[in-house]
file run_16.cif (mmCIF, C-alpha atoms and all ligand atoms)
data_my_file
loop_
_atom_site.label_atom_id
_atom_site.label_comp_id
_atom_site.auth_asym_id
_atom_site.auth_seq_id
_atom_site.Cartn_x
_atom_site.Cartn_y
_atom_site.Cartn_z
CA MET A 1 98.45 117.72 80.39
CA TYR A 2 95.92 116.48 77.86
CA LYS A 3 92.40 117.79 77.78
CA ILE A 4 89.37 115.87 76.70
CA ASN A 5 86.74 117.08 74.25
CA ASP A 6 84.36 118.17 76.95
CA ASN A 7 81.56 118.65 74.46
CA TYR A 8 81.03 114.94 75.06
CA LEU A 9 80.18 115.72 78.68
CA LYS A 10 77.33 117.90 77.50
CA LEU A 11 75.54 114.96 75.90
CA PRO A 12 72.45 114.23 77.97
CA GLY A 13 72.06 110.57 78.97
CA ARG A 14 73.19 107.62 76.94
CA TYR A 15 72.71 106.86 73.27
CA LEU A 16 69.03 105.95 72.96
CA PHE A 17 69.35 102.47 71.50
CA SER A 18 72.19 101.40 73.82
CA PHE A 19 70.11 102.48 76.80
CA ILE A 20 67.09 100.49 75.58
CA GLU A 21 69.32 97.48 74.97
CA LYS A 22 70.49 97.63 78.60
CA LYS A 23 66.94 97.92 79.94
CA VAL A 24 65.81 94.95 77.85
CA ALA A 25 68.84 92.87 78.89
CA ALA A 26 67.98 93.53 82.56
CA PHE A 27 64.37 92.51 81.92
CA ARG A 28 65.44 89.30 80.17
CA GLU A 29 67.76 88.41 83.03
CA LYS A 30 64.97 88.89 85.53
CA HIS A 31 62.43 86.99 83.38
CA PRO A 32 64.33 84.30 81.46
CA ASP A 33 61.06 82.44 80.81
CA LYS A 34 59.41 85.31 78.90
CA LYS A 35 59.59 85.65 75.11
CA VAL A 36 60.48 89.25 74.47
CA ILE A 37 59.55 90.59 71.03
CA PRO A 38 61.93 93.33 69.83
CA LEU A 39 60.22 96.03 67.76
CA GLY A 40 62.53 98.77 69.00
CA ILE A 41 65.63 99.48 66.96
CA GLY A 42 65.08 99.39 63.20
CA ASP A 43 67.16 96.29 62.63
CA VAL A 44 66.15 93.92 59.84
CA THR A 45 65.30 90.27 60.46
CA GLN A 46 65.11 88.80 56.95
CA PRO A 47 68.27 87.09 55.65
CA LEU A 48 70.20 88.54 52.74
CA ALA A 49 68.60 87.87 49.36
CA PRO A 50 69.91 84.77 47.49
CA THR A 51 71.50 86.88 44.73
CA ILE A 52 73.50 88.77 47.32
CA ILE A 53 74.58 85.57 49.07
CA ASN A 54 75.69 84.04 45.74
CA THR A 55 77.67 87.17 44.94
CA LEU A 56 79.31 87.11 48.35
CA HIS A 57 80.38 83.47 47.91
CA TYR A 58 81.79 84.28 44.50
CA VAL A 59 83.73 87.34 45.58
CA VAL A 60 85.10 85.69 48.70
CA ASP A 61 86.64 83.14 46.34
CA GLU A 62 88.12 85.96 44.30
CA MET A 63 90.10 86.88 47.39
CA LYS A 64 91.98 83.57 47.37
CA ASN A 65 93.73 84.22 44.04
CA ALA A 66 96.47 86.78 43.65
CA ASP A 67 95.01 87.80 40.26
CA THR A 68 91.60 88.69 41.63
CA PHE A 69 92.52 89.56 45.21
CA LYS A 70 91.73 93.14 46.27
CA GLY A 71 93.44 95.24 48.92
CA TYR A 72 92.48 98.78 49.86
CA ALA A 73 89.35 99.98 48.15
CA PRO A 74 89.21 103.46 46.58
CA SER A 75 88.10 105.80 49.36
CA SER A 76 85.10 106.99 47.35
CA GLY A 77 84.09 103.50 46.25
CA TYR A 78 84.67 101.24 43.26
CA GLU A 79 83.43 102.51 39.94
CA PHE A 80 81.33 99.40 39.36
CA LEU A 81 79.20 100.23 42.41
CA ARG A 82 79.08 103.97 41.84
CA ASN A 83 77.95 103.30 38.25
CA ALA A 84 75.25 100.92 39.47
CA ILE A 85 74.08 103.55 41.97
CA VAL A 86 73.98 106.33 39.39
CA LYS A 87 72.06 104.14 36.97
CA GLY A 88 69.77 102.44 39.48
CA ASP A 89 68.94 105.26 41.87
CA TYR A 90 69.25 108.42 39.75
CA ARG A 91 69.22 108.00 35.96
CA SER A 92 66.26 105.62 36.34
CA ARG A 93 64.41 108.62 37.79
CA ASP A 94 65.73 111.08 35.20
CA VAL A 95 67.98 112.63 37.79
CA ASP A 96 71.39 113.69 36.59
CA ILE A 97 74.00 112.66 39.16
CA SER A 98 77.48 111.62 38.04
CA ILE A 99 79.71 108.99 39.56
CA ASP A 100 82.17 111.50 40.98
CA GLU A 101 79.34 112.90 43.07
CA ILE A 102 78.83 109.52 44.79
CA PHE A 103 80.88 108.59 47.86
CA VAL A 104 80.46 104.99 48.98
CA SER A 105 80.84 104.32 52.70
CA ASP A 106 80.12 101.73 55.34
CA GLY A 107 76.73 103.19 56.11
CA ALA A 108 74.56 106.27 56.36
CA LYS A 109 74.89 106.54 60.13
CA CYS A 110 78.64 107.24 59.89
CA ASP A 111 78.14 109.69 57.05
CA ALA A 112 75.29 111.43 58.89
CA GLY A 113 77.64 111.84 61.82
CA ASN A 114 80.78 112.75 59.88
CA ILE A 115 79.40 115.16 57.31
CA GLN A 116 79.21 118.05 59.79
CA GLU A 117 83.04 118.02 59.91
CA ILE A 118 83.30 119.86 56.59
CA PHE A 119 81.32 122.80 57.99
CA SER A 120 82.54 125.53 60.27
CA ILE A 121 81.70 125.33 63.95
CA ASP A 122 79.82 128.65 63.57
CA ASN A 123 77.03 127.16 61.52
CA LYS A 124 73.61 127.04 63.07
CA ILE A 125 71.77 123.79 62.54
CA ALA A 126 68.04 123.27 62.22
CA VAL A 127 66.59 119.90 63.10
CA CYS A 128 63.18 118.33 63.17
CA ASP A 129 61.77 117.47 66.56
CA PRO A 130 61.51 114.46 66.90
CA ILE A 131 64.74 113.51 65.14
CA TYR A 132 67.10 110.56 64.57
CA PRO A 133 69.56 111.31 67.42
CA VAL A 134 72.74 111.01 65.34
CA TYR A 135 72.31 114.38 63.59
CA LEU A 136 72.04 116.30 66.82
CA ASP A 137 74.46 114.32 69.01
CA THR A 138 77.29 114.61 66.50
CA ASN A 139 76.83 118.38 66.39
CA VAL A 140 76.91 118.40 70.20
CA MET A 141 80.19 116.47 70.09
CA ALA A 142 81.57 119.05 67.67
CA GLY A 143 80.57 121.91 70.00
CA ARG A 144 78.06 123.49 67.66
CA THR A 145 74.91 123.40 69.79
CA GLY A 146 75.44 125.74 72.78
CA THR A 147 74.12 124.77 76.19
CA TYR A 148 71.51 122.21 77.11
CA ASP A 149 68.44 123.14 79.10
CA GLU A 150 67.21 120.13 81.10
CA THR A 151 63.74 121.58 81.50
CA THR A 152 63.00 122.22 77.85
CA GLN A 153 65.38 119.44 76.71
CA ARG A 154 66.68 121.84 74.09
CA TRP A 155 70.05 123.22 73.02
CA SER A 156 70.44 126.99 73.05
CA ASP A 157 72.06 127.21 69.59
CA VAL A 158 69.85 124.78 67.71
CA ILE A 159 66.76 125.65 65.70
CA TYR A 160 64.02 123.11 66.36
CA MET A 161 61.28 122.41 63.85
CA PRO A 162 58.41 120.64 65.60
CA CYS A 163 56.80 117.76 63.68
CA THR A 164 53.46 116.93 65.21
CA PRO A 165 50.02 115.77 64.08
CA ASP A 166 49.09 119.48 63.78
CA ASN A 167 51.43 119.92 60.81
CA ASN A 168 51.15 116.32 59.58
CA PHE A 169 54.71 115.82 60.81
CA ALA A 170 56.01 118.13 58.05
CA PRO A 171 58.35 120.76 59.45
CA GLU A 172 57.59 124.40 58.73
CA LEU A 173 60.22 126.83 57.51
CA PRO A 174 61.96 128.15 60.62
CA LYS A 175 61.59 131.78 61.73
CA GLU A 176 65.31 132.05 62.44
CA THR A 177 67.54 131.38 59.44
CA PRO A 178 69.65 128.21 59.73
CA ASP A 179 72.90 127.39 57.93
CA ILE A 180 72.52 123.62 57.92
CA ILE A 181 69.14 121.91 57.75
CA TYR A 182 68.73 118.22 58.55
CA LEU A 183 65.76 116.55 56.86
CA CYS A 184 64.89 112.86 56.77
CA PHE A 185 62.08 111.60 54.52
CA PRO A 186 60.48 109.10 54.71
CA ASN A 187 60.98 110.01 58.31
CA ASN A 188 62.65 108.21 61.12
CA PRO A 189 61.07 108.15 63.70
CA THR A 190 57.53 109.21 62.71
CA GLY A 191 57.26 107.01 59.62
CA THR A 192 55.58 109.91 57.80
CA THR A 193 56.78 111.75 54.73
CA ILE A 194 56.34 114.85 52.56
CA THR A 195 55.40 115.39 48.94
CA LYS A 196 57.72 116.54 46.20
CA ASP A 197 56.06 119.97 46.22
CA GLN A 198 56.68 120.30 49.96
CA LEU A 199 60.32 119.31 49.52
CA GLN A 200 60.67 121.80 46.67
CA VAL A 201 59.72 124.55 49.15
CA TRP A 202 62.69 123.51 51.30
CA VAL A 203 65.06 123.43 48.35
CA ASP A 204 63.96 126.89 47.22
CA TYR A 205 64.29 128.17 50.78
CA ALA A 206 67.79 126.71 51.22
CA ASN A 207 68.95 128.24 47.94
CA ARG A 208 67.42 131.57 48.91
CA VAL A 209 69.03 131.82 52.36
CA GLY A 210 72.29 130.07 51.42
CA ALA A 211 71.71 127.03 53.65
CA VAL A 212 72.68 123.45 52.96
CA ILE A 213 70.19 120.59 53.41
CA ILE A 214 71.51 117.28 54.67
CA TYR A 215 68.85 114.96 53.33
CA ASP A 216 68.66 111.48 54.80
CA ALA A 217 66.84 109.23 52.34
CA ALA A 218 67.67 105.94 54.08
CA TYR A 219 64.05 104.75 53.89
CA GLU A 220 63.41 105.70 50.27
CA ALA A 221 62.81 102.08 49.20
CA TYR A 222 59.68 102.00 51.37
CA ILE A 223 57.87 104.74 49.49
CA SER A 224 54.55 103.45 48.18
CA GLU A 225 52.80 106.67 47.18
CA ASP A 226 53.33 108.45 43.87
CA ASN A 227 53.87 112.06 44.91
CA VAL A 228 56.67 111.29 47.38
CA PRO A 229 60.20 112.12 46.17
CA HIS A 230 62.70 109.25 46.10
CA THR A 231 65.63 111.64 46.08
CA ILE A 232 65.93 115.33 46.87
CA TYR A 233 67.50 115.81 43.44
CA GLU A 234 64.06 115.33 41.90
CA CYS A 235 63.55 118.90 43.09
CA GLU A 236 64.75 121.73 40.89
CA GLY A 237 67.83 123.45 42.27
CA ALA A 238 68.68 120.74 44.82
CA LYS A 239 72.19 120.28 43.42
CA THR A 240 73.18 123.73 44.65
CA CYS A 241 71.92 123.19 48.20
CA ALA A 242 71.63 119.52 49.16
CA ILE A 243 73.71 116.55 50.24
CA GLU A 244 71.91 113.21 50.21
CA LEU A 245 72.57 110.22 52.47
CA LYS A 246 71.58 106.73 51.37
CA SER A 247 71.82 103.36 53.02
CA PHE A 248 71.77 99.70 51.98
CA SER A 249 70.75 98.73 55.52
CA LYS A 250 67.02 99.02 55.26
CA ASN A 251 66.38 98.28 51.57
CA ALA A 252 68.72 95.30 51.25
CA GLY A 253 69.19 94.09 54.82
CA PHE A 254 72.79 95.34 55.16
CA THR A 255 72.52 96.50 58.80
CA GLY A 256 75.25 94.00 59.68
CA VAL A 257 77.02 93.96 56.31
CA ARG A 258 77.43 97.79 56.28
CA LEU A 259 77.17 99.84 53.12
CA GLY A 260 75.84 103.27 52.26
CA TYR A 261 76.68 106.28 50.17
CA THR A 262 76.54 110.05 50.20
CA VAL A 263 75.89 112.31 47.25
CA VAL A 264 77.73 115.62 47.25
CA PRO A 265 76.95 117.44 43.99
CA LYS A 266 79.77 119.34 42.31
CA ASP A 267 77.48 122.39 41.99
CA LEU A 268 77.41 122.67 45.78
CA LYS A 269 79.86 125.46 46.49
CA ARG A 270 80.39 128.14 49.12
CA SER A 271 82.69 131.09 48.29
CA ASN A 272 83.76 129.04 45.30
CA VAL A 273 84.90 126.15 47.51
CA SER A 274 83.47 122.82 46.43
CA LEU A 275 81.90 120.72 49.17
CA ASN A 276 82.44 117.72 46.93
CA ALA A 277 86.21 118.38 47.06
CA LEU A 278 86.14 118.85 50.84
CA TRP A 279 84.25 115.60 51.41
CA ALA A 280 86.55 113.77 48.98
CA ARG A 281 89.53 115.07 50.95
CA ARG A 282 87.95 114.11 54.25
CA GLN A 283 87.17 110.59 53.08
CA ALA A 284 90.59 110.08 51.50
CA THR A 285 92.27 111.11 54.74
CA LYS A 286 90.08 109.35 57.26
CA TYR A 287 88.54 106.42 55.42
CA ASN A 288 89.93 103.43 53.58
CA GLY A 289 86.80 102.54 51.67
CA ALA A 290 84.04 99.97 52.15
CA PRO A 291 85.33 96.41 51.61
CA TYR A 292 85.45 95.14 48.02
CA ILE A 293 83.37 92.11 48.99
CA VAL A 294 80.63 94.31 50.42
CA GLN A 295 80.68 96.68 47.46
CA ARG A 296 80.20 93.74 45.07
CA ALA A 297 77.26 92.64 47.25
CA GLY A 298 75.94 96.20 46.91
CA GLU A 299 76.27 96.00 43.13
CA ALA A 300 74.18 92.80 43.20
CA VAL A 301 71.37 94.78 44.84
CA TYR A 302 70.91 96.55 41.47
CA SER A 303 70.82 93.37 39.39
CA LYS A 304 67.45 92.21 38.03
CA SER A 305 67.20 89.29 40.44
CA GLY A 306 68.54 91.40 43.30
CA ARG A 307 65.87 94.02 42.74
CA GLU A 308 63.10 91.42 42.56
CA GLN A 309 64.20 89.66 45.73
CA ILE A 310 64.67 92.89 47.64
CA LYS A 311 61.25 94.14 46.57
CA LYS A 312 59.77 91.01 48.17
CA GLN A 313 61.55 91.79 51.44
CA ILE A 314 60.28 95.35 51.42
CA ASP A 315 56.75 94.08 50.77
CA TYR A 316 57.19 91.66 53.66
CA TYR A 317 58.13 94.45 56.07
CA MET A 318 55.41 96.74 54.76
CA ASN A 319 52.89 93.98 55.37
CA ASN A 320 54.12 93.98 58.97
CA ALA A 321 53.58 97.74 59.03
CA LYS A 322 49.99 97.16 57.90
CA VAL A 323 49.46 94.51 60.58
CA ILE A 324 50.69 96.94 63.23
CA CYS A 325 48.69 99.93 61.97
CA GLU A 326 45.45 98.02 61.52
CA GLY A 327 45.81 96.04 64.75
CA LEU A 328 46.56 99.07 66.87
CA ARG A 329 43.86 101.20 65.24
CA SER A 330 41.31 98.49 65.96
CA ALA A 331 42.44 98.62 69.60
CA GLY A 332 41.80 102.38 69.68
CA TYR A 333 45.36 103.70 69.27
CA HIS A 334 46.13 106.82 67.26
CA VAL A 335 48.65 105.61 64.73
CA PHE A 336 50.78 107.48 62.14
CA GLY A 337 53.28 106.43 59.48
CA GLY A 338 53.69 102.88 58.21
CA VAL A 339 52.62 103.70 54.62
CA ASN A 340 55.85 105.02 53.06
CA ALA A 341 58.17 103.92 55.85
CA PRO A 342 58.78 100.89 58.06
CA TYR A 343 58.06 102.85 61.26
CA ILE A 344 54.78 103.28 63.09
CA TRP A 345 54.41 106.25 65.40
CA LEU A 346 51.64 106.00 67.97
CA LYS A 347 50.18 108.15 70.67
CA THR A 348 50.64 106.56 74.05
CA PRO A 349 47.35 105.65 75.73
CA ASN A 350 45.98 107.29 78.90
CA ASP A 351 48.47 110.17 78.80
CA MET A 352 51.36 107.88 79.69
CA THR A 353 54.79 109.32 79.08
CA SER A 354 56.85 107.60 76.41
CA TRP A 355 59.04 105.86 78.99
CA GLU A 356 56.04 104.84 81.13
CA PHE A 357 54.55 103.20 78.06
CA PHE A 358 57.89 101.56 77.24
CA ASP A 359 58.00 99.96 80.72
CA TYR A 360 54.31 99.09 80.62
CA LEU A 361 54.66 97.36 77.26
CA LEU A 362 57.80 95.51 78.26
CA GLU A 363 56.34 94.33 81.59
CA ASN A 364 52.87 93.43 80.37
CA ALA A 365 53.23 92.47 76.72
CA ASN A 366 56.97 91.73 76.66
CA VAL A 367 57.20 93.89 73.55
CA VAL A 368 60.05 96.36 73.05
CA GLY A 369 59.47 99.63 71.24
CA THR A 370 61.22 102.98 71.24
CA PRO A 371 60.01 105.84 73.45
CA GLY A 372 59.19 108.86 71.29
CA VAL A 373 60.79 111.28 73.72
CA GLY A 374 64.13 109.60 73.00
CA PHE A 375 63.95 111.36 69.63
CA GLY A 376 63.23 114.80 71.08
CA PRO A 377 60.83 116.66 73.37
CA GLN A 378 58.02 116.70 70.78
CA GLY A 379 58.19 112.91 70.87
CA GLU A 380 56.97 112.87 74.46
CA GLY A 381 53.72 110.94 74.68
CA TYR A 382 54.56 109.04 71.49
CA PHE A 383 56.09 105.66 70.83
CA ARG A 384 57.75 104.06 67.81
CA LEU A 385 57.33 100.47 66.62
CA THR A 386 59.34 99.03 63.77
CA ALA A 387 58.00 96.83 60.98
CA PHE A 388 61.38 95.07 60.68
CA GLY A 389 60.41 92.13 62.93
CA THR A 390 59.42 88.74 61.59
CA TYR A 391 55.80 88.45 60.46
CA GLU A 392 55.05 85.89 63.19
CA ASN A 393 56.51 88.07 65.96
CA THR A 394 54.76 91.15 64.61
CA VAL A 395 51.37 89.41 64.65
CA GLU A 396 52.03 88.07 68.14
CA ALA A 397 53.18 91.47 69.43
CA VAL A 398 50.08 93.19 68.06
CA GLU A 399 47.82 90.53 69.61
CA ARG A 400 49.52 90.99 72.97
CA ILE A 401 49.16 94.77 72.78
CA LYS A 402 45.49 94.46 71.82
CA LYS A 403 44.87 92.31 74.92
CA LEU A 404 46.30 94.87 77.35
C1 LIG B 501 66.63 103.23 64.18
O1 LIG B 501 66.10 102.31 64.79
O2 LIG B 501 66.31 104.41 64.33
C2 LIG B 501 67.73 102.91 63.24
O3 LIG B 501 67.80 101.55 63.03
C3 LIG B 501 69.00 103.33 63.77
C4 LIG B 501 70.04 103.36 62.72
O4 LIG B 501 69.78 103.17 61.54
O5 LIG B 501 71.16 103.62 63.10
#

call {"tool": "encode", "arguments": {"input": "run_16.cif", "output": "structure tokens", "more": "lines below"}}
Ligand code: MLT
result
Amino acid sequence: MYKINDNYLKLPGRYLFSFIEKKVAAFREKHPDKKVIPLGIGDVTQPLAPTIINTLHYVVDEMKNADTFKGYAPSSGYEFLRNAIVKGDYRSRDVDISIDEIFVSDGAKCDAGNIQEIFSIDNKIAVCDPIYPVYLDTNVMAGRTGTYDETTQRWSDVIYMPCTPDNNFAPELPKETPDIIYLCFPNNPTGTTITKDQLQVWVDYANRVGAVIIYDAAYEAYISEDNVPHTIYECEGAKTCAIELKSFSKNAGFTGVRLGYTVVPKDLKRSNVSLNALWARRQATKYNGAPYIVQRAGEAVYSKSGREQIKKQIDYYMNNAKVICEGLRSAGYHVFGGVNAPYIWLKTPNDMTSWEFFDYLLENANVVGTPGVGFGPQGEGYFRLTAFGTYENTVEAVERIKKL
């Protein structure tokens, strides 16, 4: 008789964004006349940049000729894209990453979820609280997190690193030594970030205790301040302790197109076993590569016109972030983030819980956000808004919230 992976049964509730989607669908059905403004999930609203569209048209046509048609893609990605990544994201910052350290995929979410597979079940993970749920949930599914305590909303075998206004949302080194450390900067959900010096402390710590850092840099393109690292490999020694996850979703609007990559340096070894080789083996076995068409679109992101057009989109979203921050501050809200990231983290008013504020906002302003507690217990009493809406909707949403 077959047995299921009953680690799945340990997962509390439903996946955050699916649950919100259901709640909003029920609201829309009950109030078909209301215009609901979605500022919940971080999904982009601006169309793909013209350079990317032109490239897509061109490469689709390549698929109609036997000479230019492409079948399976290499499981680690085409060289043309890996070269563009190395040049555009690393060499341009004087960071030495080679193309065989880049693994192209269909997005950072999958890689963030899958990467834990190359580590033993015995590893102890450390996560920020609040946290993007994928890091934790996938470790729960693997059976690495122990038992869940409903009261504290914590797993017995997980090290939590609170990120609150008291520490400027920068996690402190944990008292208990972890094996795997998940960090995401600029941060989802708080929209805050850390300096290069602060990240260097983590890199030194990980090298000292023999931990690996899984560094999610999906929001790197939104960095506006000088002392914020664009990649963990700007820090000395990061190649012996860090894996980096990158996404085309948020910088180039690929949430629906799907493209990302993971960097696994060749210097990253445990007992002389290369993590780069393990990940290569995992990808070759379980993954058939991101589509050629999409990888060519990804390459276009690094072209001169691609960069210029994408920069305009990022500026557009960051202007939304400014509208939200300024509007809410003027209405008396305590607001964080929104300077180096497209997320705004706010304290709920009048001691409302995150879900109370979610319902209140949906009912009274018809605006959807994300309850902070959905990202972890330290998120209780906080709420996340995304800057990825249209400008018009963002302005309207802020005006509605101000009137409450
Ligand atoms: C978010 O809203 O946190 C993100 O859009 C989710 C994701 O990237 O998967």

call {"tool": "residues_near_ligand", "arguments": {"input": "run_16.cif", "ligand": "ligand LIG 501 (chain B)", "cutoff": "10 Å", "atoms": "all atoms listed in the file", "output": "PyMOL selection string"}}
result
chain A and resi 16-17+39-44+107-110+112+131-134+187-189+218-219+247+249-250+255+343+369-370+375+384-386+388

call {"tool": "closest_residue", "arguments": {"input": "run_16.cif", "among": "A:Ala211, A:Glu299, A:Gln200, A:Phe383", "to": "His334 in chain A", "atoms": "only C-alpha atoms"}}
result
A:Phe383

call {"tool": "closest_residue", "arguments": {"input": "run_16.cif", "among": "A:Ala277, A:Ala238, A:Leu245, A:Ile310", "to": "Gly298 in chain A", "atoms": "only C-alpha atoms"}}
result
A:Ile310

call {"tool": "closest_residue", "arguments": {"input": "run_16.cif", "among": "A:Asp89, A:Asp67, A:Asp106, A:Asp204", "to": "Gly256 in chain A", "atoms": "only C-alpha atoms"}}
result
A:Asp106

call {"tool": "closest_residue", "arguments": {"input": "run_16.cif", "among": "A:Gly372, A:Tyr222, A:Lys402, A:Val264", "to": "Met318 in chain A", "atoms": "only C-alpha atoms"}}
result
A:Tyr222

call {"tool": "residues_around", "arguments": {"input": "run_16.cif", "residues": "Asn168 in chain A", "least_positions_apart": "4", "cutoff": "12 Å", "atoms": "only C-alpha atoms", "output": "compact mmCIF listing (two decimals) with C-alpha atoms, keeping the file's coordinate frame"}}
result
# COMPACT_ATOMS: atom_id res chain seq x y z
CA PRO A 162 58.41 120.64 65.60
CA CYS A 163 56.80 117.76 63.68
CA THR A 164 53.46 116.93 65.21
CA GLU A 172 57.59 124.40 58.73
CA ASN A 187 60.98 110.01 58.31
CA THR A 190 57.53 109.21 62.71
CA GLY A 191 57.26 107.01 59.62
CA THR A 192 55.58 109.91 57.80
CA THR A 193 56.78 111.75 54.73
CA ILE A 194 56.34 114.85 52.56
CA THR A 195 55.40 115.39 48.94
CA GLN A 198 56.68 120.30 49.96
CA PHE A 336 50.78 107.48 62.14
CA GLY A 337 53.28 106.43 59.48

call {"tool": "atom_distance", "arguments": {"input": "run_16.cif", "atom1": "CA of Pro47 in chain A", "atom2": "CA of Arg307 in chain A"}}
result
14.8 Å

call {"tool": "atom_distance", "arguments": {"input": "run_16.cif", "atom1": "CA of Asn139 in chain A", "atom2": "CA of Pro342 in chain A"}}
result
26.5 Å

call {"tool": "atom_distance", "arguments": {"input": "run_16.cif", "atom1": "CA of Glu117 in chain A", "atom2": "CA of Leu275 in chain A"}}
result
11.1 Å

call {"tool": "residues_around", "arguments": {"input": "run_16.cif", "residues": "Pro349 in chain A", "least_positions_apart": "3", "cutoff": "8 Å", "atoms": "all atoms listed in the file", "output": "PyMOL selection string"}}
result
chain A and resi 333+352+357

call {"tool": "residues_around", "arguments": {"input": "run_16.cif", "residues": "Asp149 in chain A", "least_positions_apart": "6", "cutoff": "10 Å", "atoms": "all atoms listed in the file", "output": "list in words"}}
result
Pro12, Trp155 and Ser156 of chain A

call {"tool": "closest_residue", "arguments": {"input": "run_16.cif", "among": "A:Asn251, A:Gln295, A:Thr285, A:Thr145", "to": "Ile314 in chain A", "atoms": "all atoms listed in the file"}}
result
A:Asn251

call {"tool": "build_atoms", "arguments": {"input": "run_16.cif", "residues": "range 163-168 of chain A", "atoms": "all heavy atoms", "output": "short mmCIF file (atom, residue, chain, number, x, y, z; two decimals), in the coordinates of the input"}}
result
data_model
loop_
_atom_site.label_atom_id
_atom_site.label_comp_id
_atom_site.auth_asym_id
_atom_site.auth_seq_id
_atom_site.Cartn_x
_atom_site.Cartn_y
_atom_site.Cartn_z
N CYS A 163 57.57 118.59 64.62
CA CYS A 163 56.80 117.76 63.68
C CYS A 163 55.76 117.01 64.50
O CYS A 163 56.10 116.08 65.24
CB CYS A 163 57.72 116.78 62.95
SG CYS A 163 58.93 117.61 61.91
N THR A 164 54.54 117.46 64.37
CA THR A 164 53.46 116.93 65.21
C THR A 164 52.25 116.64 64.32
O THR A 164 52.24 117.03 63.14
CB THR A 164 53.05 117.99 66.27
OG1 THR A 164 52.49 119.11 65.56
CG2 THR A 164 54.24 118.47 67.10
N PRO A 165 51.22 116.01 64.90
CA PRO A 165 50.02 115.77 64.08
C PRO A 165 49.44 117.07 63.53
O PRO A 165 48.83 117.09 62.46
CB PRO A 165 49.04 115.11 65.07
CG PRO A 165 49.91 114.49 66.11
CD PRO A 165 51.11 115.38 66.23
N ASP A 166 49.65 118.20 64.23
CA ASP A 166 49.09 119.48 63.78
C ASP A 166 49.64 119.91 62.42
O ASP A 166 48.97 120.62 61.67
CB ASP A 166 49.40 120.61 64.78
CG ASP A 166 48.64 120.39 66.07
OD1 ASP A 166 47.66 119.62 66.04
OD2 ASP A 166 49.05 120.97 67.10
N ASN A 167 50.89 119.57 62.14
CA ASN A 167 51.43 119.92 60.81
C ASN A 167 51.68 118.67 59.96
O ASN A 167 52.50 118.70 59.05
CB ASN A 167 52.68 120.81 60.93
CG ASN A 167 53.80 120.17 61.75
OD1 ASN A 167 53.77 118.96 62.02
ND2 ASN A 167 54.78 120.95 62.15
N ASN A 168 50.97 117.60 60.30
CA ASN A 168 51.15 116.32 59.58
C ASN A 168 52.61 115.88 59.57
O ASN A 168 53.08 115.30 58.61
CB ASN A 168 50.65 116.42 58.14
CG ASN A 168 49.15 116.30 58.08
OD1 ASN A 168 48.56 115.56 58.89
ND2 ASN A 168 48.54 117.04 57.19
#
